[in-house]
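Peer 1: Take a look at this one; I'll ask things after.
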Amino acid sequence: MSVLDADIEDIVVSAERIHAKIAELAATIDVDYADREPLLVGVLKGAVMVMSDLSRALQRPSTMEFMAVSSYGSNTTSSGVVRILKDLDRDIAGQHVLIVEDIIDSGLTLSWLLKNLAARHPASIEVIALLRKPDAIKVHVPVKYVGFDIPNEFVVGYGLDYGERYRDLPYIGRLRPSVYSS
Ligand code: PRP
């Protein structure tokens with residue numbers, strides 16, 4: 001239990017369901033990448049929990065890299081302009097890239113990222129996202145592995161923050177309205 005639990009109105013995806021889903025996705029990825037070693041590219045900061053659990057759930061070897069990006073006004077505009085805060089540490093040409101995301105909201109971040117990474121000539125590029133909000137999508141992005149489709153509501157936990165807090169909760173939940181107003 002965390003003291004942050006008291007701020008949660010209700011749980012949208014339990015820790016048990018998250019772990020079961022990641023195990024299921026990892027088993028699928030192990031089969032799909034039986035003859036290739038995936039390079040997991042985590043998008044900071046939200047993806048750290050998925051990256052950590054997914055990489056350990058995979059039975060086959062993988063390597064990891066991280067990127068940090070900043071979406072300019074993706075909440076208020078649909079410009080989809082993204083700035084790189086931290087780039088990959090290595091060349092991905094010829095690599096089998098698997099982008100690891102916590103959530104696809106509008107899809108703008110991922111759409112930009114796919115184009116950016118594709119321009120670096122990886123051998124293949126796919127996406128895994130734990131969560132997706134179908135009702136919030138502004139741009140279609142091809143996502144091969146999806147954990148859960150959830151309603152278009154603000155959620156926190158398992159990497160997702162409100163004011164940088166709540167990322168460490170082991171489940172996905174909705175905040176109590178009183179948290180926003182305080
Ligand atoms: C979140 C999330 C995705 C992006 C999805 O990151 O991790 O990268 O937003 O939104 P989109 O589909 O509308 O583009 P955020 O910018 O909140 O940064 P964080 O991971 O550091 O919290």
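Ordered as shown in the structure tokens, chains take letters A, B, and onward, while each chain numbers its residues from 1 and ligands are numbered from 1 in the order shown.
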Running DSSP on the backbone, which parts of stretch 89-139 of chain A land in alpha helix (DSSP H), as a short mmCIF file (atom, residue, chain, number, x, y, z; two decimals) with N, CA, C and O atoms, in the first residue's frame?

Peer 2:
```cif
data_model
loop_
_atom_site.label_atom_id
_atom_site.label_comp_id
_atom_site.auth_asym_id
_atom_site.auth_seq_id
_atom_site.Cartn_x
_atom_site.Cartn_y
_atom_site.Cartn_z
N LEU A 108 -0.23 11.41 -31.48
CA LEU A 108 0.67 12.37 -32.14
C LEU A 108 2.14 12.08 -31.83
O LEU A 108 2.99 12.15 -32.71
N THR A 109 2.43 11.78 -30.57
CA THR A 109 3.81 11.50 -30.19
C THR A 109 4.35 10.31 -30.97
O THR A 109 5.43 10.35 -31.57
N LEU A 110 3.55 9.25 -30.98
CA LEU A 110 3.97 8.02 -31.64
C LEU A 110 4.08 8.19 -33.16
O LEU A 110 5.01 7.66 -33.78
N SER A 111 3.16 8.92 -33.72
CA SER A 111 3.18 9.15 -35.17
C SER A 111 4.49 9.84 -35.56
O SER A 111 5.16 9.45 -36.53
N TRP A 112 4.86 10.85 -34.78
CA TRP A 112 6.11 11.57 -35.04
C TRP A 112 7.32 10.65 -34.83
O TRP A 112 8.26 10.62 -35.63
N LEU A 113 7.26 9.88 -33.74
CA LEU A 113 8.39 9.02 -33.39
C LEU A 113 8.61 7.94 -34.45
O LEU A 113 9.76 7.62 -34.80
N LEU A 114 7.54 7.37 -34.95
CA LEU A 114 7.65 6.34 -35.98
C LEU A 114 8.35 6.88 -37.21
O LEU A 114 9.22 6.23 -37.78
N LYS A 115 7.96 8.10 -37.62
CA LYS A 115 8.61 8.70 -38.79
C LYS A 115 10.08 8.99 -38.51
O LYS A 115 10.96 8.71 -39.33
N ASN A 116 10.34 9.53 -37.32
CA ASN A 116 11.72 9.89 -36.97
C ASN A 116 12.63 8.65 -36.96
O ASN A 116 13.73 8.67 -37.51
N LEU A 117 12.14 7.58 -36.31
CA LEU A 117 12.98 6.38 -36.20
C LEU A 117 13.07 5.62 -37.52
O LEU A 117 14.12 5.06 -37.85
N ALA A 118 11.99 5.64 -38.30
CA ALA A 118 12.02 4.96 -39.59
C ALA A 118 13.07 5.58 -40.50
O ALA A 118 13.69 4.88 -41.32
#
```

Peer 1: Within 10 Å of ligand 1, counting only C-alpha atoms and all ligand atoms, which protein or nucleic acid residues do you find, written as number ranges by chain?

Peer 2: A: 42-48, 67-75, 78, 80-82, 100-113, 129, 131-133, 136-139, 141, 156, 159-165, 167

Peer 1: Among stretch 10-166 of chain A, which ones does DSSP assign to strand (DSSP E or B) (computed from the backbone)? Answer as a VMD selection string.

Peer 2: chain A and resid 10 to 13 38 to 44 63 to 71 82 to 86 96 to 104 124 to 132 145 to 149 156 to 157 160 162 165

Peer 1: Between atom CA of A:Ala27 and atom CA of A:Leu54, measure the distance and give it in Å to one decimal.

Peer 2: 10.0 Å

Peer 1: Measuring between only C-alpha atoms, which one of A:Ala123, A:Ile8, A:Leu40, A:Leu25 shows the shortest distance to A:Phe154?

Peer 2: A:Ile8

Peer 1: Please identify every residue of stretch 57-175 of chain A that has at least one atom no farther than 12 Å from an atom of stretch 30-33 of chain A, counting only C-alpha atoms, and for each give the shortest atom pair and the distance in Å to one decimal, arranged by chain then increasing number, as a tab-separated table.

Peer 2:
```
residue	atom	partner	partner_atom	distance
A:Ala57	CA	A:Asp30	CA	9.5
A:Leu58	CA	A:Asp30	CA	6.3
A:Gln59	CA	A:Asp30	CA	6.6
A:Arg60	CA	A:Asp30	CA	6.2
A:Pro61	CA	A:Asp30	CA	9.1
A:Ser62	CA	A:Tyr33	CA	9.7
A:His96	CA	A:Tyr33	CA	8.9
A:Val97	CA	A:Tyr33	CA	10.8
A:Leu98	CA	A:Tyr33	CA	10.3
A:Ser124	CA	A:Tyr33	CA	10.9
A:Ile125	CA	A:Tyr33	CA	11.9
A:Glu126	CA	A:Asp32	CA	11.2
A:Lys144	CA	A:Asp32	CA	10.9
A:Tyr145	CA	A:Asp32	CA	11.1
```

Peer 1: What does the distance from atom CA of A:Ile99 to atom CA of A:Val50 come to in Å, to one decimal?

Peer 2: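 Spanning atom CA of A:Ile99 to atom CA of A:Val50 is a straight-line distance of 11.0 Å.
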
Peer 1: For A:Pro122, which residue out of A:Asp10, A:Ile84, A:Ala26, A:Pro38 is the nearest one, using only C-alpha atoms?

Peer 2: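 Closest residue, counting only C-alpha atoms: A:Pro38.
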
Peer 1: For atom CA of A:Lys21 and atom CA of A:Ile92, quote the distance in Å rounded to one decimal.

Peer 2: 27.8 Å

Peer 1: Which one of A:Ile11, A:Ala6, A:Arg90, A:Met49 sits closest to A:Ile150 if you count only C-alpha atoms?

Peer 2: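 Under the stated criterion, the closest residue is A:Ile11.
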